[in-house]
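K.L.:
The structure file run-v7.cif (mmCIF, C-alpha atoms) is provided below.
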data_model
#
loop_
_atom_site.group_PDB
_atom_site.id
_atom_site.type_symbol
_atom_site.label_atom_id
_atom_site.label_comp_id
_atom_site.auth_asym_id
_atom_site.auth_seq_id
_atom_site.Cartn_x
_atom_site.Cartn_y
_atom_site.Cartn_z
ATOM 1 C CA MET A 1 23.673 -37.693 -21.384
ATOM 2 C CA LEU A 2 23.635 -40.190 -24.212
ATOM 3 C CA PHE A 3 22.394 -38.825 -27.537
ATOM 4 C CA PHE A 4 21.297 -40.938 -30.501
ATOM 5 C CA ILE A 5 21.574 -38.818 -33.647
ATOM 6 C CA GLY A 6 20.143 -39.874 -37.013
ATOM 7 C CA LEU A 7 22.220 -39.228 -40.116
ATOM 8 C CA GLY A 8 19.553 -39.693 -42.774
ATOM 9 C CA LEU A 9 19.683 -41.757 -45.933
ATOM 10 C CA TYR A 10 22.506 -40.879 -48.269
ATOM 11 C CA SER A 11 25.312 -38.612 -47.056
ATOM 12 C CA GLU A 12 26.520 -36.501 -44.123
ATOM 13 C CA LYS A 13 24.189 -33.740 -45.372
ATOM 14 C CA GLY A 14 21.223 -35.716 -44.043
ATOM 15 C CA ILE A 15 21.923 -34.811 -40.416
ATOM 16 C CA SER A 16 19.485 -32.243 -38.987
ATOM 17 C CA VAL A 17 20.500 -28.810 -37.709
ATOM 18 C CA GLU A 18 19.648 -29.963 -34.196
ATOM 19 C CA GLY A 19 21.715 -33.135 -34.645
ATOM 20 C CA LEU A 20 24.647 -31.067 -35.840
ATOM 21 C CA GLU A 21 24.377 -28.704 -32.857
ATOM 22 C CA VAL A 22 24.212 -31.578 -30.368
ATOM 23 C CA ALA A 23 27.193 -33.349 -31.944
ATOM 24 C CA ARG A 24 29.213 -30.128 -31.820
ATOM 25 C CA SER A 25 28.507 -29.668 -28.120
ATOM 26 C CA ALA A 26 29.065 -33.316 -27.119
ATOM 27 C CA ASP A 27 32.243 -34.326 -25.285
ATOM 28 C CA LYS A 28 32.690 -37.459 -27.393
ATOM 29 C CA VAL A 29 31.193 -38.418 -30.741
ATOM 30 C CA TYR A 30 30.910 -41.961 -32.051
ATOM 31 C CA ILE A 31 29.513 -43.333 -35.301
ATOM 32 C CA GLU A 32 28.382 -46.783 -36.359
ATOM 33 C CA THR A 33 28.033 -47.588 -40.035
ATOM 34 C CA TYR A 34 27.156 -51.283 -39.921
ATOM 35 C CA THR A 35 23.353 -51.174 -39.557
ATOM 36 C CA SER A 36 22.818 -49.555 -42.953
ATOM 37 C CA LEU A 37 24.712 -48.340 -45.994
ATOM 38 C CA MET A 38 24.876 -44.603 -46.667
ATOM 39 C CA PRO A 39 26.284 -44.545 -50.219
ATOM 40 C CA ASN A 40 27.865 -41.088 -50.135
ATOM 41 C CA LEU A 41 28.784 -40.698 -46.468
ATOM 42 C CA SER A 42 32.162 -39.062 -45.802
ATOM 43 C CA ILE A 43 33.252 -39.277 -42.185
ATOM 44 C CA LYS A 44 36.002 -36.768 -42.948
ATOM 45 C CA LYS A 45 33.465 -34.197 -44.170
ATOM 46 C CA LEU A 46 31.241 -34.961 -41.178
ATOM 47 C CA GLU A 47 34.180 -34.314 -38.847
ATOM 48 C CA GLU A 48 34.733 -30.981 -40.568
ATOM 49 C CA MET A 49 31.066 -30.079 -40.082
ATOM 50 C CA ILE A 50 31.108 -31.054 -36.411
ATOM 51 C CA GLY A 51 34.584 -29.728 -35.699
ATOM 52 C CA LYS A 52 35.899 -32.741 -33.825
ATOM 53 C CA LYS A 53 37.149 -36.296 -34.217
ATOM 54 C CA ILE A 54 34.539 -39.019 -34.733
ATOM 55 C CA ILE A 55 35.304 -42.475 -33.351
ATOM 56 C CA VAL A 56 34.120 -45.304 -35.622
ATOM 57 C CA LEU A 57 32.548 -48.257 -33.804
ATOM 58 C CA ARG A 58 32.251 -51.825 -35.040
ATOM 59 C CA ARG A 59 29.312 -54.114 -34.384
ATOM 60 C CA ALA A 60 31.266 -55.819 -31.596
ATOM 61 C CA ASP A 61 31.701 -52.459 -29.826
ATOM 62 C CA LEU A 62 27.943 -51.946 -29.461
ATOM 63 C CA GLU A 63 26.788 -55.477 -28.777
ATOM 64 C CA GLY A 64 27.303 -57.472 -25.638
ATOM 65 C CA LYS A 65 29.505 -56.358 -22.730
ATOM 66 C CA LYS A 66 31.459 -53.768 -24.711
ATOM 67 C CA SER A 67 28.333 -51.645 -25.108
ATOM 68 C CA TYR A 68 28.487 -50.884 -21.376
ATOM 69 C CA ASP A 69 31.724 -48.949 -21.929
ATOM 70 C CA LEU A 70 29.702 -46.349 -23.819
ATOM 71 C CA ILE A 71 27.134 -46.207 -21.026
ATOM 72 C CA ASP A 72 29.879 -45.783 -18.424
ATOM 73 C CA GLU A 73 31.272 -42.817 -20.367
ATOM 74 C CA ALA A 74 27.844 -41.193 -20.446
ATOM 75 C CA TYR A 75 27.861 -41.066 -16.621
ATOM 76 C CA LYS A 76 30.336 -38.184 -16.712
ATOM 77 C CA LEU A 77 30.278 -36.946 -20.307
ATOM 78 C CA ASP A 78 27.830 -35.964 -23.001
ATOM 79 C CA VAL A 79 28.198 -38.783 -25.537
ATOM 80 C CA ALA A 80 26.720 -38.722 -29.045
ATOM 81 C CA LEU A 81 26.202 -41.817 -31.178
ATOM 82 C CA LEU A 82 25.643 -41.111 -34.869
ATOM 83 C CA VAL A 83 23.456 -43.692 -36.585
ATOM 84 C CA PRO A 84 22.458 -44.148 -40.269
ATOM 85 C CA GLY A 85 18.831 -43.318 -41.021
ATOM 86 C CA ASP A 86 16.617 -42.674 -37.996
ATOM 87 C CA PRO A 87 18.238 -44.119 -34.843
ATOM 88 C CA PHE A 88 15.584 -46.643 -33.835
ATOM 89 C CA VAL A 89 13.868 -47.642 -37.065
ATOM 90 C CA ALA A 90 16.272 -50.564 -36.844
ATOM 91 C CA THR A 91 15.969 -51.969 -33.321
ATOM 92 C CA THR A 92 19.699 -52.664 -32.982
ATOM 93 C CA HIS A 93 20.453 -50.002 -30.382
ATOM 94 C CA ILE A 94 17.305 -50.028 -28.255
ATOM 95 C CA HIS A 95 19.028 -52.150 -25.585
ATOM 96 C CA LEU A 96 21.681 -49.440 -25.243
ATOM 97 C CA ARG A 97 19.067 -46.786 -24.551
ATOM 98 C CA ILE A 98 17.156 -49.001 -22.127
ATOM 99 C CA GLU A 99 20.269 -49.868 -20.118
ATOM 100 C CA ALA A 100 21.342 -46.218 -19.978
ATOM 101 C CA GLU A 101 17.945 -45.107 -18.682
ATOM 102 C CA LYS A 102 17.897 -47.937 -16.125
ATOM 103 C CA LYS A 103 21.217 -46.665 -14.791
ATOM 104 C CA GLY A 104 19.881 -43.122 -14.451
ATOM 105 C CA ILE A 105 21.547 -41.710 -17.572
ATOM 106 C CA LYS A 106 19.327 -39.374 -19.551
ATOM 107 C CA THR A 107 18.985 -40.146 -23.257
ATOM 108 C CA LYS A 108 17.655 -38.164 -26.183
ATOM 109 C CA VAL A 109 16.903 -39.080 -29.793
ATOM 110 C CA ILE A 110 17.537 -36.630 -32.643
ATOM 111 C CA HIS A 111 15.520 -37.964 -35.557
ATOM 112 C CA ALA A 112 16.334 -37.979 -39.264
ATOM 113 C CA ALA A 113 14.923 -39.425 -42.480
ATOM 114 C CA SER A 114 14.820 -43.186 -42.918
ATOM 115 C CA ILE A 115 13.724 -45.426 -45.758
ATOM 116 C CA VAL A 116 10.525 -46.091 -43.796
ATOM 117 C CA SER A 117 9.586 -42.414 -43.638
ATOM 118 C CA ALA A 118 10.806 -41.617 -47.164
ATOM 119 C CA ILE A 119 9.028 -44.430 -48.980
ATOM 120 C CA ALA A 120 5.579 -42.819 -49.190
ATOM 121 C CA GLY A 121 6.873 -39.580 -50.673
ATOM 122 C CA GLU A 122 9.131 -41.347 -53.150
ATOM 123 C CA THR A 123 6.503 -43.733 -54.502
ATOM 124 C CA GLY A 124 3.164 -42.041 -53.798
ATOM 125 C CA LEU A 125 1.941 -45.095 -51.888
ATOM 126 C CA PHE A 126 -0.119 -44.154 -48.835
ATOM 127 C CA SER A 127 1.882 -44.602 -45.625
ATOM 128 C CA TYR A 128 -1.099 -45.895 -43.635
ATOM 129 C CA LYS A 129 -1.592 -48.771 -46.083
ATOM 130 C CA PHE A 130 1.696 -50.500 -45.272
ATOM 131 C CA GLY A 131 1.534 -53.670 -43.222
ATOM 132 C CA ARG A 132 4.364 -55.403 -41.424
ATOM 133 C CA SER A 133 7.804 -54.915 -42.989
ATOM 134 C CA VAL A 134 10.369 -57.696 -43.224
ATOM 135 C CA THR A 135 13.904 -58.469 -44.408
ATOM 136 C CA ILE A 136 14.706 -60.922 -47.185
ATOM 137 C CA THR A 137 17.763 -62.662 -45.762
ATOM 138 C CA PHE A 138 20.691 -64.394 -47.406
ATOM 139 C CA PRO A 139 20.487 -68.224 -47.362
ATOM 140 C CA PHE A 140 22.211 -69.618 -44.280
ATOM 141 C CA LYS A 141 23.908 -73.000 -44.485
ATOM 142 C CA GLY A 142 21.880 -73.781 -47.588
ATOM 143 C CA ARG A 143 18.558 -72.923 -45.955
ATOM 144 C CA VAL A 144 16.300 -70.108 -47.132
ATOM 145 C CA SER A 145 14.046 -68.317 -44.659
ATOM 146 C CA GLU A 146 10.441 -68.162 -45.876
ATOM 147 C CA THR A 147 9.417 -65.429 -43.424
ATOM 148 C CA ALA A 148 9.389 -62.697 -46.074
ATOM 149 C CA TYR A 149 7.064 -64.775 -48.262
ATOM 150 C CA ASP A 150 4.708 -65.325 -45.308
ATOM 151 C CA VAL A 151 4.622 -61.620 -44.455
ATOM 152 C CA VAL A 152 3.862 -60.634 -48.055
ATOM 153 C CA LYS A 153 1.099 -63.245 -48.154
ATOM 154 C CA GLU A 154 -0.470 -61.937 -44.931
ATOM 155 C CA ASN A 155 -0.278 -58.293 -45.997
ATOM 156 C CA LEU A 156 -1.742 -59.012 -49.434
ATOM 157 C CA SER A 157 -4.660 -60.844 -47.843
ATOM 158 C CA ARG A 158 -5.469 -57.579 -46.062
ATOM 159 C CA GLY A 159 -4.862 -55.380 -49.108
ATOM 160 C CA LEU A 160 -1.722 -53.888 -47.554
ATOM 161 C CA HIS A 161 1.646 -52.986 -49.042
ATOM 162 C CA THR A 162 4.834 -54.735 -47.898
ATOM 163 C CA LEU A 163 8.164 -52.973 -47.469
ATOM 164 C CA LEU A 164 10.973 -55.484 -47.968
ATOM 165 C CA PHE A 165 14.444 -54.709 -46.686
ATOM 166 C CA LEU A 166 17.267 -56.581 -48.385
ATOM 167 C CA ASP A 167 19.910 -58.304 -46.289
ATOM 168 C CA MET A 168 23.327 -56.694 -45.941
ATOM 169 C CA ASP A 169 26.573 -57.051 -44.049
ATOM 170 C CA VAL A 170 28.202 -53.632 -44.299
ATOM 171 C CA GLU A 171 31.389 -54.703 -42.532
ATOM 172 C CA LYS A 172 31.894 -57.503 -45.087
ATOM 173 C CA ARG A 173 30.664 -55.301 -47.964
ATOM 174 C CA ARG A 174 27.998 -57.828 -48.875
ATOM 175 C CA PHE A 175 24.688 -56.426 -50.103
ATOM 176 C CA MET A 176 21.692 -58.270 -51.518
ATOM 177 C CA ASN A 177 20.409 -56.749 -54.743
ATOM 178 C CA ILE A 178 16.894 -56.691 -56.131
ATOM 179 C CA LYS A 179 17.456 -59.503 -58.613
ATOM 180 C CA GLU A 180 18.771 -61.812 -55.878
ATOM 181 C CA ALA A 181 15.834 -60.948 -53.617
ATOM 182 C CA LEU A 182 13.223 -61.586 -56.300
ATOM 183 C CA ASN A 183 14.828 -64.915 -57.212
ATOM 184 C CA ILE A 184 14.600 -65.960 -53.563
ATOM 185 C CA LEU A 185 10.884 -65.118 -53.499
ATOM 186 C CA LEU A 186 10.315 -66.972 -56.783
ATOM 187 C CA ASP A 187 12.149 -70.042 -55.455
ATOM 188 C CA ILE A 188 9.882 -70.067 -52.395
ATOM 189 C CA GLU A 189 6.839 -69.675 -54.663
ATOM 190 C CA GLU A 190 8.037 -72.611 -56.767
ATOM 191 C CA LYS A 191 8.248 -74.693 -53.610
ATOM 192 C CA ARG A 192 4.947 -73.650 -52.020
ATOM 193 C CA ARG A 193 2.829 -72.789 -55.072
ATOM 194 C CA GLU A 194 0.465 -70.458 -53.175
ATOM 195 C CA ASN A 195 0.338 -67.845 -55.954
ATOM 196 C CA VAL A 196 1.703 -65.086 -53.699
ATOM 197 C CA ILE A 197 4.674 -63.996 -55.827
ATOM 198 C CA THR A 198 4.652 -64.645 -59.566
ATOM 199 C CA GLU A 199 6.162 -63.057 -62.661
ATOM 200 C CA ASP A 200 2.915 -61.080 -63.009
ATOM 201 C CA THR A 201 3.154 -59.543 -59.525
ATOM 202 C CA LEU A 202 3.578 -55.769 -59.462
ATOM 203 C CA ILE A 203 6.834 -54.871 -57.705
ATOM 204 C CA VAL A 204 8.454 -51.533 -56.858
ATOM 205 C CA GLY A 205 12.239 -51.418 -56.683
ATOM 206 C CA LEU A 206 14.221 -48.585 -55.110
ATOM 207 C CA ALA A 207 17.925 -47.821 -54.944
ATOM 208 C CA ARG A 208 20.003 -45.146 -53.187
ATOM 209 C CA ILE A 209 17.012 -43.145 -51.971
ATOM 210 C CA GLY A 210 17.981 -39.643 -50.890
ATOM 211 C CA GLY A 211 20.727 -39.262 -53.467
ATOM 212 C CA GLU A 212 20.829 -37.559 -56.843
ATOM 213 C CA ASP A 213 21.372 -40.962 -58.458
ATOM 214 C CA SER A 214 18.352 -42.600 -56.809
ATOM 215 C CA VAL A 215 16.298 -45.050 -58.858
ATOM 216 C CA ILE A 216 12.604 -45.869 -58.453
ATOM 217 C CA LYS A 217 11.047 -48.331 -60.876
ATOM 218 C CA ALA A 218 7.775 -50.264 -60.792
ATOM 219 C CA ASP A 219 6.881 -53.110 -63.131
ATOM 220 C CA LEU A 220 5.738 -56.688 -63.245
ATOM 221 C CA LEU A 221 8.252 -58.966 -61.569
ATOM 222 C CA GLY A 222 9.118 -60.786 -64.786
ATOM 223 C CA LYS A 223 10.402 -57.524 -66.263
ATOM 224 C CA LEU A 224 11.709 -55.827 -63.132
ATOM 225 C CA ILE A 225 13.979 -58.740 -62.248
ATOM 226 C CA ASN A 226 16.284 -57.815 -65.140
ATOM 227 C CA TYR A 227 16.237 -54.051 -64.540
ATOM 228 C CA ASP A 228 19.604 -52.501 -63.662
ATOM 229 C CA PHE A 229 19.253 -50.627 -60.376
ATOM 230 C CA GLY A 230 22.964 -49.948 -60.019
ATOM 231 C CA GLU A 231 24.811 -49.838 -56.713
ATOM 232 C CA PRO A 232 23.252 -50.633 -53.299
ATOM 233 C CA PRO A 233 21.397 -50.150 -51.075
ATOM 234 C CA HIS A 234 18.273 -51.633 -52.668
ATOM 235 C CA THR A 235 14.743 -51.924 -51.292
ATOM 236 C CA LEU A 236 11.555 -53.607 -52.532
ATOM 237 C CA ILE A 237 7.837 -53.002 -52.167
ATOM 238 C CA VAL A 238 5.072 -55.443 -52.981
ATOM 239 C CA PRO A 239 1.990 -53.223 -53.334
ATOM 240 C CA GLY A 240 -1.341 -54.410 -51.982
ATOM 241 C CA LYS A 241 -4.690 -53.119 -53.215
ATOM 242 C CA LEU A 242 -4.029 -49.774 -54.895
ATOM 243 C CA HIS A 243 -6.114 -46.635 -54.577
ATOM 244 C CA PHE A 244 -6.420 -44.986 -57.993
ATOM 245 C CA ILE A 245 -4.211 -42.098 -56.794
ATOM 246 C CA GLU A 246 -1.541 -44.598 -55.731
ATOM 247 C CA ALA A 247 -1.702 -46.284 -59.121
ATOM 248 C CA GLU A 248 -1.375 -42.951 -60.904
ATOM 249 C CA ALA A 249 1.551 -42.000 -58.654
ATOM 250 C CA LEU A 250 3.382 -45.230 -59.497
ATOM 251 C CA ILE A 251 2.896 -44.564 -63.197
ATOM 252 C CA VAL A 252 4.213 -40.991 -62.911
ATOM 253 C CA LEU A 253 6.902 -41.417 -60.250
ATOM 254 C CA ALA A 254 8.048 -45.006 -60.840
ATOM 255 C CA LYS A 255 7.227 -45.476 -64.559
ATOM 256 C CA ALA A 256 4.855 -48.335 -63.796
ATOM 257 C CA PRO A 257 2.929 -49.770 -66.766
ATOM 258 C CA GLU A 258 -0.340 -47.905 -67.343
ATOM 259 C CA SER A 259 -2.133 -51.255 -67.409
ATOM 260 C CA ILE A 260 -2.193 -51.199 -63.582
ATOM 261 C CA LEU A 261 -5.034 -48.665 -63.855
ATOM 262 C CA HIS A 262 -7.113 -51.186 -65.767
ATOM 263 C CA ASP A 263 -6.302 -54.010 -63.360
ATOM 264 C CA MET A 264 -7.837 -52.231 -60.349
#
Taking this structure as input, can you express it in the form of C-alpha cells?
P.N.:
Amino acid sequence: MLFFIGLGLYSEKGISVEGLEVARSADKVYIETYTSLMPNLSIKKLEEMIGKKIIVLRRADLEGKKSYDLIDEAYKLDVALLVPGDPFVATTHIHLRIEAEKKGIKTKVIHAASIVSAIAGETGLFSYKFGRSVTITFPFKGRVSETAYDVVKENLSRGLHTLLFLDMDVEKRRFMNIKEALNILLDIEEKRRENVITEDTLIVGLARIGGEDSVIKADLLGKLINYDFGEPPHTLIVPGKLHFIEAEALIVLAKAPESILHDM
C-alpha cells in the first residue's frame, strides 16, 4: 500500500496517533518538506517517535518520472509518505495517488490539521463564508501575477472571505512575508484603481499557526503592513461581509480595531 500521512502545522507533534501507528508499521518511510514550512519540525525527533529511518525527498524525487520509483516500491512494500499539513490540501501529490490506484496499488490518506482547517478556529471567521483561496506569487521575470487581486475582488463581490497563501520556495529558503504580499496587492491596486485593496481594507495576518509563538493580528492594511509578524510561514485573510459574531471574534482573538463593529 501507499500511505499519505499528514504531519500538521508546526512540529512533529502534529502527526495523529493513527499516522504514527501507520508510519511505525510501514516498510519504508519517506518525507517531503518542500510543499510547506513547518517551523519547528525535527526529523530526528520524528525518527525517534516512529522508530526507523526517514528518507527525505526533494521536489525532483516526487515530480516527473522519478515519482514512479515510489509507486514501484509500493507494489511489494507498505510505503508511507509524510507530508506537511493535510496531504492533499495542496494538490501537489494527487497525481501520485491517481497513478498508484490506476496500477492497482491501494492508497490511504491519514489526515492532519492544515492552515485551511485551522483558520476558522484561530480567527473566529465562519468556515462556510470563505470563497476561493489563492496564492500571492513572487514576481517572475519582472511580471506580477494579478490573479490574487482578481480572486479577492470576486469573493468580496459575494461577501466572502479570501484566504491568501504567500509564495514560498522551501528548498531555497525563500518565503514571502506579509509586508511583501500587501505591497504587491497595493501595486496592483495602483495600476488598476478598482478600489479592491486600499489602506483602509481590513486585513488579518497570521504567522506560525499551531505553535506557541503564533501571531494573529487584524487591522486596516495601512497599519498592518508595518506590523512585525516575525518568522515565516505567513498567511493573509481579506474578510468579506462580517457577521457580528465574526467581528467580535476578530476584536477578541486578533485585536482588530473595535471600529469594525460600527462599520457593519
K.L.:
Using only C-alpha atoms, which residues sit within 9 Å of range 138-146 of chain A once same-chain residues fewer than 3 positions away are excluded, as number ranges by chain?
P.N.:
A: 149-151, 166-168, 176, 181, 184-185, 188
K.L.:
Which protein, DNA or RNA residues are at most 9 Å from (19.8, -37.1, -37.6) in the file's coordinates when you count all atoms listed in the file, listed as a PDB file with C-alpha atoms, in the coordinates of the input?
P.N.:
ATOM      1  CA  PHE A   4      21.297 -40.938 -30.501  1.00  0.00           C
ATOM      2  CA  ILE A   5      21.574 -38.818 -33.647  1.00  0.00           C
ATOM      3  CA  GLY A   6      20.143 -39.874 -37.013  1.00  0.00           C
ATOM      4  CA  LEU A   7      22.220 -39.228 -40.116  1.00  0.00           C
ATOM      5  CA  GLY A   8      19.553 -39.693 -42.774  1.00  0.00           C
ATOM      6  CA  GLY A  14      21.223 -35.716 -44.043  1.00  0.00           C
ATOM      7  CA  ILE A  15      21.923 -34.811 -40.416  1.00  0.00           C
ATOM      8  CA  SER A  16      19.485 -32.243 -38.987  1.00  0.00           C
ATOM      9  CA  VAL A  17      20.500 -28.810 -37.709  1.00  0.00           C
ATOM     10  CA  GLU A  18      19.648 -29.963 -34.196  1.00  0.00           C
ATOM     11  CA  GLY A  19      21.715 -33.135 -34.645  1.00  0.00           C
ATOM     12  CA  LEU A  20      24.647 -31.067 -35.840  1.00  0.00           C
ATOM     13  CA  LEU A  82      25.643 -41.111 -34.869  1.00  0.00           C
ATOM     14  CA  VAL A  83      23.456 -43.692 -36.585  1.00  0.00           C
ATOM     15  CA  PRO A  84      22.458 -44.148 -40.269  1.00  0.00           C
ATOM     16  CA  GLY A  85      18.831 -43.318 -41.021  1.00  0.00           C
ATOM     17  CA  ASP A  86      16.617 -42.674 -37.996  1.00  0.00           C
ATOM     18  CA  PRO A  87      18.238 -44.119 -34.843  1.00  0.00           C
ATOM     19  CA  VAL A 109      16.903 -39.080 -29.793  1.00  0.00           C
ATOM     20  CA  ILE A 110      17.537 -36.630 -32.643  1.00  0.00           C
ATOM     21  CA  HIS A 111      15.520 -37.964 -35.557  1.00  0.00           C
ATOM     22  CA  ALA A 112      16.334 -37.979 -39.264  1.00  0.00           C
ATOM     23  CA  ALA A 113      14.923 -39.425 -42.480  1.00  0.00           C
TER      24      ALA A 113
END
K.L.:
Enumerate, in order of chain and increasing residue number, the residues of range 26-47 of chain A with an atom no farther than 10 Å from range 206-210 of chain A, each with its shortest atom pair and distance in Å to one decimal, counting all atoms listed in the file, as CSV.
P.N.:
residue,atom,partner,partner_atom,distance
A:Leu37,CA,A:Arg208,CA,9.2
A:Met38,CA,A:Arg208,CA,8.2
A:Pro39,CA,A:Arg208,CA,7.0
A:Asn40,CA,A:Arg208,CA,9.4
K.L.:
Taking (5.6, -60.8, -63.3) in the file's coordinates, which residues come within 7 Å, counting only C-alpha atoms, written as a ChimeraX atom specification?
P.N.:
/A:198-202,220-223
K.L.:
Of the candidates A:Ser42, A:Gly240, A:Leu2, A:Arg58, which one gets nearest to Glu73 in chain A if we count all atoms listed in the file?
P.N.:
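That would be A:Leu2, the residue with the smallest distance to Glu73 in chain A.
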K.L.:
Go through the shown structure with the PyMOL selection byres ((chain A and resi 158) around 12) and write out the matching residues as a list in words.
P.N.:
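Applied to this file, the PyMOL selection byres ((chain A and resi 158) around 12) returns Lys129, Phe130, Gly131, Arg132, Val151, Val152, Lys153, Glu154, Asn155, Leu156, Ser157, Gly159, Leu160, His161, Thr162, Pro239, Gly240, Lys241 and Leu242 of chain A.
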K.L.:
Keeping only C-alpha atoms, write the selected residues to a file as a PDB file, in the frame of the given file.
P.N.:
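Contents of out.pdb, freshly written:
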ATOM      1  CA  LYS A 129      -1.592 -48.771 -46.083  1.00  0.00           C
ATOM      2  CA  PHE A 130       1.696 -50.500 -45.272  1.00  0.00           C
ATOM      3  CA  GLY A 131       1.534 -53.670 -43.222  1.00  0.00           C
ATOM      4  CA  ARG A 132       4.364 -55.403 -41.424  1.00  0.00           C
ATOM      5  CA  VAL A 151       4.622 -61.620 -44.455  1.00  0.00           C
ATOM      6  CA  VAL A 152       3.862 -60.634 -48.055  1.00  0.00           C
ATOM      7  CA  LYS A 153       1.099 -63.245 -48.154  1.00  0.00           C
ATOM      8  CA  GLU A 154      -0.470 -61.937 -44.931  1.00  0.00           C
ATOM      9  CA  ASN A 155      -0.278 -58.293 -45.997  1.00  0.00           C
ATOM     10  CA  LEU A 156      -1.742 -59.012 -49.434  1.00  0.00           C
ATOM     11  CA  SER A 157      -4.660 -60.844 -47.843  1.00  0.00           C
ATOM     12  CA  GLY A 159      -4.862 -55.380 -49.108  1.00  0.00           C
ATOM     13  CA  LEU A 160      -1.722 -53.888 -47.554  1.00  0.00           C
ATOM     14  CA  HIS A 161       1.646 -52.986 -49.042  1.00  0.00           C
ATOM     15  CA  THR A 162       4.834 -54.735 -47.898  1.00  0.00           C
ATOM     16  CA  PRO A 239       1.990 -53.223 -53.334  1.00  0.00           C
ATOM     17  CA  GLY A 240      -1.341 -54.410 -51.982  1.00  0.00           C
ATOM     18  CA  LYS A 241      -4.690 -53.119 -53.215  1.00  0.00           C
ATOM     19  CA  LEU A 242      -4.029 -49.774 -54.895  1.00  0.00           C
TER      20      LEU A 242
END
K.L.:
I'd like to see the residues matched by the PyMOL selection byres ((chain A and resi 101) around 12) on this file, and ideally I'd get them as a list in words.
P.N.:
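On this input, the PyMOL selection byres ((chain A and resi 101) around 12) captures Met1, Leu2, Phe3, Ile71, Asp72, Ala74, Tyr75, Ile94, His95, Leu96, Arg97, Ile98, Glu99, Ala100, Lys102, Lys103, Gly104, Ile105, Lys106, Thr107 and Lys108 of chain A.
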K.L.:
Please return range 111-123 of chain A, rebuilt to N, CA and C atoms, as a tab-separated table (two decimals), keeping the file's coordinate frame.
P.N.:
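Output file selection11.tsv follows:
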chain	number	residue	atom	x	y	z
A	111	HIS	N	16.01	-37.18	-34.42
A	111	HIS	CA	15.52	-37.96	-35.56
A	111	HIS	C	16.02	-37.44	-36.90
A	112	ALA	N	15.97	-38.32	-37.89
A	112	ALA	CA	16.33	-37.98	-39.26
A	112	ALA	C	15.52	-38.86	-40.20
A	113	ALA	N	15.66	-38.63	-41.49
A	113	ALA	CA	14.92	-39.42	-42.48
A	113	ALA	C	15.40	-40.87	-42.47
A	114	SER	N	14.48	-41.77	-42.73
A	114	SER	CA	14.82	-43.19	-42.92
A	114	SER	C	14.08	-43.68	-44.14
A	115	ILE	N	14.42	-44.87	-44.60
A	115	ILE	CA	13.72	-45.43	-45.76
A	115	ILE	C	12.24	-45.62	-45.46
A	116	VAL	N	11.92	-45.88	-44.19
A	116	VAL	CA	10.52	-46.09	-43.80
A	116	VAL	C	9.72	-44.81	-43.95
A	117	SER	N	10.31	-43.68	-43.54
A	117	SER	CA	9.59	-42.41	-43.64
A	117	SER	C	9.62	-41.84	-45.05
A	118	ALA	N	10.65	-42.19	-45.82
A	118	ALA	CA	10.81	-41.62	-47.16
A	118	ALA	C	9.97	-42.34	-48.22
A	119	ILE	N	9.59	-43.57	-47.95
A	119	ILE	CA	9.03	-44.43	-48.98
A	119	ILE	C	7.72	-43.90	-49.56
A	120	ALA	N	6.87	-43.32	-48.70
A	120	ALA	CA	5.58	-42.82	-49.19
A	120	ALA	C	5.77	-41.66	-50.16
A	121	GLY	N	6.64	-40.72	-49.81
A	121	GLY	CA	6.87	-39.58	-50.67
A	121	GLY	C	7.55	-39.95	-51.98
A	122	GLU	N	8.41	-40.95	-51.94
A	122	GLU	CA	9.13	-41.35	-53.15
A	122	GLU	C	8.25	-42.11	-54.14
A	123	THR	N	7.31	-42.88	-53.63
A	123	THR	CA	6.50	-43.73	-54.50
A	123	THR	C	5.07	-43.26	-54.69
